[in-house]
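This is entry_21.cif (mmCIF, C-alpha atoms).
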data_entry
#
loop_
_atom_site.group_PDB
_atom_site.id
_atom_site.type_symbol
_atom_site.label_atom_id
_atom_site.label_comp_id
_atom_site.auth_asym_id
_atom_site.auth_seq_id
_atom_site.Cartn_x
_atom_site.Cartn_y
_atom_site.Cartn_z
ATOM 1 C CA MET F 1 -59.352 93.873 -38.282
ATOM 2 C CA ASN F 2 -58.108 96.033 -41.184
ATOM 3 C CA ASP F 3 -54.408 95.114 -41.280
ATOM 4 C CA PRO F 4 -53.878 92.552 -44.074
ATOM 5 C CA LYS F 5 -50.726 91.336 -42.303
ATOM 6 C CA ILE F 6 -52.743 90.213 -39.271
ATOM 7 C CA ARG F 7 -55.318 87.430 -39.509
ATOM 8 C CA GLU F 8 -57.929 86.645 -36.877
ATOM 9 C CA ILE F 9 -59.143 83.067 -36.486
ATOM 10 C CA THR F 10 -61.350 81.129 -34.116
ATOM 11 C CA LEU F 11 -59.587 78.103 -32.660
ATOM 12 C CA PRO F 12 -61.270 74.714 -32.135
ATOM 13 C CA SER F 13 -61.501 75.540 -28.410
ATOM 14 C CA GLY F 14 -63.557 78.640 -29.259
ATOM 15 C CA ARG F 15 -60.779 81.049 -28.288
ATOM 16 C CA VAL F 16 -59.929 83.831 -30.745
ATOM 17 C CA ALA F 17 -56.370 84.113 -32.020
ATOM 18 C CA THR F 18 -54.561 86.663 -34.138
ATOM 19 C CA VAL F 19 -51.609 85.720 -36.309
ATOM 20 C CA ARG F 20 -49.294 88.382 -37.633
ATOM 21 C CA GLU F 21 -47.025 88.082 -40.629
ATOM 22 C CA GLY F 22 -43.611 86.754 -39.656
ATOM 23 C CA ARG F 23 -40.303 88.431 -40.426
ATOM 24 C CA GLY F 24 -36.733 87.193 -40.591
ATOM 25 C CA ARG F 25 -36.061 88.615 -37.152
ATOM 26 C CA ASP F 26 -38.870 86.465 -35.748
ATOM 27 C CA LEU F 27 -37.223 83.349 -37.131
ATOM 28 C CA ILE F 28 -33.857 84.326 -35.654
ATOM 29 C CA HIS F 29 -35.434 85.039 -32.247
ATOM 30 C CA ALA F 30 -37.271 81.704 -32.328
ATOM 31 C CA GLN F 31 -34.065 79.862 -33.235
ATOM 32 C CA ARG F 32 -32.256 81.536 -30.346
ATOM 33 C CA ALA F 33 -35.113 80.745 -27.965
ATOM 34 C CA VAL F 34 -35.063 77.002 -28.649
ATOM 35 C CA GLY F 35 -31.339 76.541 -29.313
ATOM 36 C CA ARG F 36 -29.529 75.245 -32.354
ATOM 37 C CA ALA F 37 -30.092 71.553 -31.678
ATOM 38 C CA ALA F 38 -33.865 71.873 -31.240
ATOM 39 C CA GLU F 39 -36.367 69.971 -33.330
ATOM 40 C CA THR F 40 -38.321 71.776 -36.025
ATOM 41 C CA THR F 41 -41.442 71.254 -33.903
ATOM 42 C CA ALA F 42 -39.951 73.320 -31.078
ATOM 43 C CA LEU F 43 -38.948 76.015 -33.551
ATOM 44 C CA LEU F 44 -42.446 76.117 -35.002
ATOM 45 C CA GLN F 45 -44.029 76.343 -31.554
ATOM 46 C CA ALA F 46 -41.636 79.170 -30.639
ATOM 47 C CA LEU F 47 -42.776 80.978 -33.786
ATOM 48 C CA VAL F 48 -46.404 80.422 -32.764
ATOM 49 C CA ALA F 49 -45.644 82.085 -29.426
ATOM 50 C CA MET F 50 -43.986 85.037 -31.171
ATOM 51 C CA LEU F 51 -46.500 85.608 -33.957
ATOM 52 C CA CYS F 52 -49.807 84.841 -32.254
ATOM 53 C CA THR F 53 -52.024 86.191 -29.535
ATOM 54 C CA VAL F 54 -54.949 84.315 -28.006
ATOM 55 C CA ASP F 55 -57.916 86.196 -26.574
ATOM 56 C CA GLY F 56 -55.879 89.389 -26.837
ATOM 57 C CA LYS F 57 -52.986 88.079 -24.749
ATOM 58 C CA GLU F 58 -49.428 87.558 -25.952
ATOM 59 C CA LEU F 59 -48.110 84.022 -25.675
ATOM 60 C CA CYS F 60 -44.881 82.590 -24.373
ATOM 61 C CA TYR F 61 -43.447 79.233 -25.434
ATOM 62 C CA GLU F 62 -44.765 77.536 -22.282
ATOM 63 C CA ASP F 63 -48.295 78.792 -23.057
ATOM 64 C CA VAL F 64 -48.163 76.996 -26.406
ATOM 65 C CA LEU F 65 -47.012 73.791 -24.704
ATOM 66 C CA GLU F 66 -50.079 73.899 -22.420
ATOM 67 C CA MET F 67 -52.641 74.594 -25.163
ATOM 68 C CA PRO F 68 -54.987 71.903 -26.517
ATOM 69 C CA VAL F 69 -53.364 70.025 -29.401
ATOM 70 C CA ALA F 70 -56.116 71.027 -31.842
ATOM 71 C CA ASP F 71 -55.466 74.723 -31.147
ATOM 72 C CA VAL F 72 -51.699 74.282 -31.490
ATOM 73 C CA LEU F 73 -52.061 72.472 -34.813
ATOM 74 C CA VAL F 74 -54.312 75.208 -36.216
ATOM 75 C CA LEU F 75 -51.887 77.918 -35.104
ATOM 76 C CA GLU F 76 -48.915 76.010 -36.524
ATOM 77 C CA GLY F 77 -50.752 75.782 -39.845
ATOM 78 C CA GLU F 78 -51.431 79.517 -39.794
ATOM 79 C CA VAL F 79 -47.800 80.292 -38.980
ATOM 80 C CA LEU F 80 -46.591 77.974 -41.744
ATOM 81 C CA GLY F 81 -48.821 79.958 -44.081
ATOM 82 C CA ASN F 82 -46.360 82.822 -43.516
ATOM 83 C CA PHE F 83 -43.619 80.876 -45.309
ATOM 84 C CA PRO F 84 -43.281 79.939 -48.947
ATOM 85 C CA PRO F 85 -43.132 76.115 -49.197
ATOM 86 C CA ALA F 86 -39.402 76.040 -50.058
ATOM 87 C CA ALA F 87 -38.555 78.133 -46.984
ATOM 88 C CA SER F 88 -40.799 76.307 -44.533
ATOM 89 C CA PRO F 89 -39.001 75.214 -41.337
ATOM 90 C CA MET F 90 -40.903 71.917 -41.512
ATOM 91 C CA PRO F 91 -39.489 69.110 -43.690
ATOM 92 C CA PRO F 92 -41.847 67.631 -46.292
ATOM 93 C CA ALA F 93 -43.658 64.458 -45.290
ATOM 94 C CA SER F 94 -42.171 61.203 -46.501
ATOM 95 C CA PRO F 95 -44.571 59.459 -48.909
ATOM 96 C CA ALA F 96 -43.768 56.079 -47.342
ATOM 97 C CA SER F 97 -44.776 57.260 -43.889
ATOM 98 C CA SER F 98 -47.731 59.434 -44.798
ATOM 99 C CA ILE F 99 -51.095 58.734 -43.232
ATOM 100 C CA SER F 100 -52.812 58.674 -46.615
ATOM 101 C CA ALA F 101 -50.467 55.956 -47.924
ATOM 102 C CA SER F 102 -51.085 53.697 -44.938
ATOM 103 C CA ALA F 103 -54.796 54.469 -44.786
ATOM 104 C CA SER F 104 -55.290 53.528 -48.438
ATOM 105 C CA GLY F 105 -53.443 50.231 -47.998
ATOM 106 C CA ASN F 106 -50.484 51.431 -50.053
ATOM 107 C CA SER F 107 -47.996 51.107 -47.236
ATOM 108 C CA VAL F 108 -44.441 50.102 -47.992
ATOM 109 C CA LYS F 109 -43.724 46.451 -47.211
#

Please re-express this file's structure in structure tokens.
Amino acid sequence: MNDPKIREITLPSGRVATVREGRGRDLIHAQRAVGRAAETTALLQALVAMLCTVDGKELCYEDVLEMPVADVLVLEGEVLGNFPPAASPMPPASPASSISASASGNSVK
């Protein structure tokens, strides 16, 4: 694959996905697809459907919902890589609720 705006990755399931660079129009289309009141997770999964192909096939939102969680998480991470951190549609994790804080015994009491 020679286009630097398209990345090819192998998913945990062994399937091969391509992820293309997102544009503003993709974000607008994803927002329209999930509605204004939708969670950021739904928006991110709509972006996955718009920006990714799996085994050469385009995805729809419902395809993403039926994929193994490990594959979805990898694709979400790849799609988030298209956004600078300040513009990411995902809110930053709360330190008090982070897995690392609770795993290290530093949970808030």

Q. Please, what distance in Å, to one decimal, runs between CA of Thr40 in chain F and CA of Glu58 in chain F?
A.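 Those two atoms sit 21.8 Å apart.
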
Q. So what does the PyMOL selection byres ((chain F and resi 33) around 10) actually pick up in this one, as a ChimeraX atom specification?
A. /F:27-32,34-36,38,42-43,46-47,61

Cys60 in chain F surroundings by all atoms listed in the file, 9 Å radius, close-in-sequence under 5 positions cut, as an mmCIF file with C-alpha atoms, in the frame of the given file:
data_model
loop_
_atom_site.group_PDB
_atom_site.id
_atom_site.type_symbol
_atom_site.label_atom_id
_atom_site.label_comp_id
_atom_site.auth_asym_id
_atom_site.auth_seq_id
_atom_site.Cartn_x
_atom_site.Cartn_y
_atom_site.Cartn_z
ATOM 1 C CA ALA F 46 -41.636 79.170 -30.639
ATOM 2 C CA VAL F 48 -46.404 80.422 -32.764
ATOM 3 C CA ALA F 49 -45.644 82.085 -29.426
ATOM 4 C CA MET F 50 -43.986 85.037 -31.171
#

Using 4 Å of padding on each side, determine the axis-aligned box around all atoms of range 43-53 of chain F present in the file and give its centre and edge lengths in Å to one decimal, as AutoDock Vina command-line options.
--center_x -45.5 --center_y 81.1 --center_z -32.2 --size_x 21.1 --size_y 18.2 --size_z 13.6

Q. Hey, which of F:Leu59, F:Leu44, F:Ala70, F:Val79 ends up closest to Gly14 in chain F? Count all atoms listed in the file.
A. F:Ala70

**Q.** Interatomic distance, CA of Val19 in chain F to CA of Val74 in chain F (Å, one decimal)
**A.**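 Going from CA of Val19 in chain F over to CA of Val74 in chain F, I get 10.9 Å.
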
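Remark: for Leu73 in chain F, the closest of the candidate residues F:Gln45, F:Lys5, F:Glu39, F:Val16 is F:Gln45 (distances computed over only C-alpha atoms).
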
Q. Which is closer to Thr18 in chain F than all the others in F:Gly81, F:Thr41, F:Leu75, F:Val69, using only C-alpha atoms?
A.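 Distance minimum relative to Thr18 in chain F lands on F:Leu75.
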
Q) So which one's closest to Glu78 in chain F, F:Lys57, F:Leu51, F:Pro12, F:Asp63? Using all atoms listed in the file, please. A)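 That would be F:Leu51, the residue with the smallest distance to Glu78 in chain F.
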
Q) CA of Arg20 in chain F and CA of Pro68 in chain F, how far apart in Å? A)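 Separating CA of Pro68 in chain F from CA of Arg20 in chain F is a distance of 20.7 Å.
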
Emit range 16-95 of chain F of the structure in the block as a file comprising C-alpha atoms, as a JSON list (two decimals), in the first residue's frame.
[["chain", "number", "residue", "atom", "x", "y", "z"],
["F", 16, "VAL", "CA", -6.91, -7.36, 7.48],
["F", 17, "ALA", "CA", -8.23, -3.83, 7.81],
["F", 18, "THR", "CA", -7.41, -0.57, 6.08],
["F", 19, "VAL", "CA", -7.87, 2.77, 7.79],
["F", 20, "ARG", "CA", -7.95, 5.95, 5.76],
["F", 21, "GLU", "CA", -7.25, 9.43, 7.04],
["F", 22, "GLY", "CA", -10.42, 11.11, 8.27],
["F", 23, "ARG", "CA", -11.71, 14.47, 7.10],
["F", 24, "GLY", "CA", -14.12, 16.99, 8.58],
["F", 25, "ARG", "CA", -16.86, 15.73, 6.30],
["F", 26, "ASP", "CA", -16.44, 12.25, 7.78],
["F", 27, "LEU", "CA", -17.01, 13.62, 11.26],
["F", 28, "ILE", "CA", -20.13, 15.49, 10.14],
["F", 29, "HIS", "CA", -21.51, 12.38, 8.40],
["F", 30, "ALA", "CA", -20.82, 10.27, 11.50],
["F", 31, "GLN", "CA", -22.54, 12.82, 13.73],
["F", 32, "ARG", "CA", -25.58, 12.81, 11.45],
["F", 33, "ALA", "CA", -25.62, 9.01, 11.35],
["F", 34, "VAL", "CA", -25.78, 8.60, 15.13],
["F", 35, "GLY", "CA", -27.79, 11.72, 16.00],
["F", 36, "ARG", "CA", -26.93, 14.65, 18.22],
["F", 37, "ALA", "CA", -27.69, 12.96, 21.53],
["F", 38, "ALA", "CA", -25.51, 9.91, 20.84],
["F", 39, "GLU", "CA", -22.66, 8.85, 23.08],
["F", 40, "THR", "CA", -19.08, 9.43, 21.97],
["F", 41, "THR", "CA", -18.72, 5.65, 21.66],
["F", 42, "ALA", "CA", -21.43, 5.53, 19.00],
["F", 43, "LEU", "CA", -19.79, 8.43, 17.17],
["F", 44, "LEU", "CA", -16.43, 6.69, 17.24],
["F", 45, "GLN", "CA", -17.91, 3.44, 15.96],
["F", 46, "ALA", "CA", -19.67, 5.34, 13.16],
["F", 47, "LEU", "CA", -16.29, 6.82, 12.23],
["F", 48, "VAL", "CA", -14.78, 3.32, 12.23],
["F", 49, "ALA", "CA", -17.47, 2.24, 9.75],
["F", 50, "MET", "CA", -16.75, 5.25, 7.53],
["F", 51, "LEU", "CA", -12.96, 5.18, 7.58],
["F", 52, "CYS", "CA", -12.20, 1.45, 7.62],
["F", 53, "THR", "CA", -12.55, -1.57, 5.42],
["F", 54, "VAL", "CA", -12.10, -5.16, 6.59],
["F", 55, "ASP", "CA", -10.91, -7.84, 4.19],
["F", 56, "GLY", "CA", -11.50, -5.40, 1.34],
["F", 57, "LYS", "CA", -15.15, -4.79, 2.21],
["F", 58, "GLU", "CA", -16.66, -1.48, 3.29],
["F", 59, "LEU", "CA", -18.32, -1.47, 6.69],
["F", 60, "CYS", "CA", -21.62, -0.15, 7.91],
["F", 61, "TYR", "CA", -22.34, 0.81, 11.52],
["F", 62, "GLU", "CA", -24.10, -2.51, 12.18],
["F", 63, "ASP", "CA", -21.02, -4.42, 10.95],
["F", 64, "VAL", "CA", -18.93, -2.69, 13.62],
["F", 65, "LEU", "CA", -21.48, -3.60, 16.29],
["F", 66, "GLU", "CA", -21.17, -7.29, 15.34],
["F", 67, "MET", "CA", -17.35, -7.39, 15.27],
["F", 68, "PRO", "CA", -15.28, -8.97, 18.06],
["F", 69, "VAL", "CA", -14.52, -6.41, 20.78],
["F", 70, "ALA", "CA", -10.75, -6.77, 20.31],
["F", 71, "ASP", "CA", -11.06, -5.85, 16.62],
["F", 72, "VAL", "CA", -13.33, -2.89, 17.39],
["F", 73, "LEU", "CA", -10.94, -1.55, 20.03],
["F", 74, "VAL", "CA", -7.97, -1.77, 17.65],
["F", 75, "LEU", "CA", -9.91, 0.02, 14.90],
["F", 76, "GLU", "CA", -11.11, 2.70, 17.33],
["F", 77, "GLY", "CA", -7.50, 3.28, 18.35],
["F", 78, "GLU", "CA", -6.46, 3.60, 14.71],
["F", 79, "VAL", "CA", -9.29, 6.03, 13.99],
["F", 80, "LEU", "CA", -8.42, 8.10, 17.06],
["F", 81, "GLY", "CA", -4.90, 8.30, 15.66],
["F", 82, "ASN", "CA", -6.44, 10.48, 12.93],
["F", 83, "PHE", "CA", -7.22, 13.20, 15.48],
["F", 84, "PRO", "CA", -4.90, 15.46, 17.41],
["F", 85, "PRO", "CA", -5.46, 14.84, 21.15],
["F", 86, "ALA", "CA", -7.26, 18.17, 21.72],
["F", 87, "ALA", "CA", -9.73, 17.42, 18.92],
["F", 88, "SER", "CA", -10.40, 13.80, 19.83],
["F", 89, "PRO", "CA", -14.12, 12.96, 20.11],
["F", 90, "MET", "CA", -13.32, 10.86, 23.19],
["F", 91, "PRO", "CA", -13.10, 12.61, 26.58],
["F", 92, "PRO", "CA", -9.89, 12.07, 28.56],
["F", 93, "ALA", "CA", -9.99, 9.36, 31.20],
["F", 94, "SER", "CA", -10.61, 10.47, 34.75],
["F", 95, "PRO", "CA", -7.56, 9.72, 36.93]]
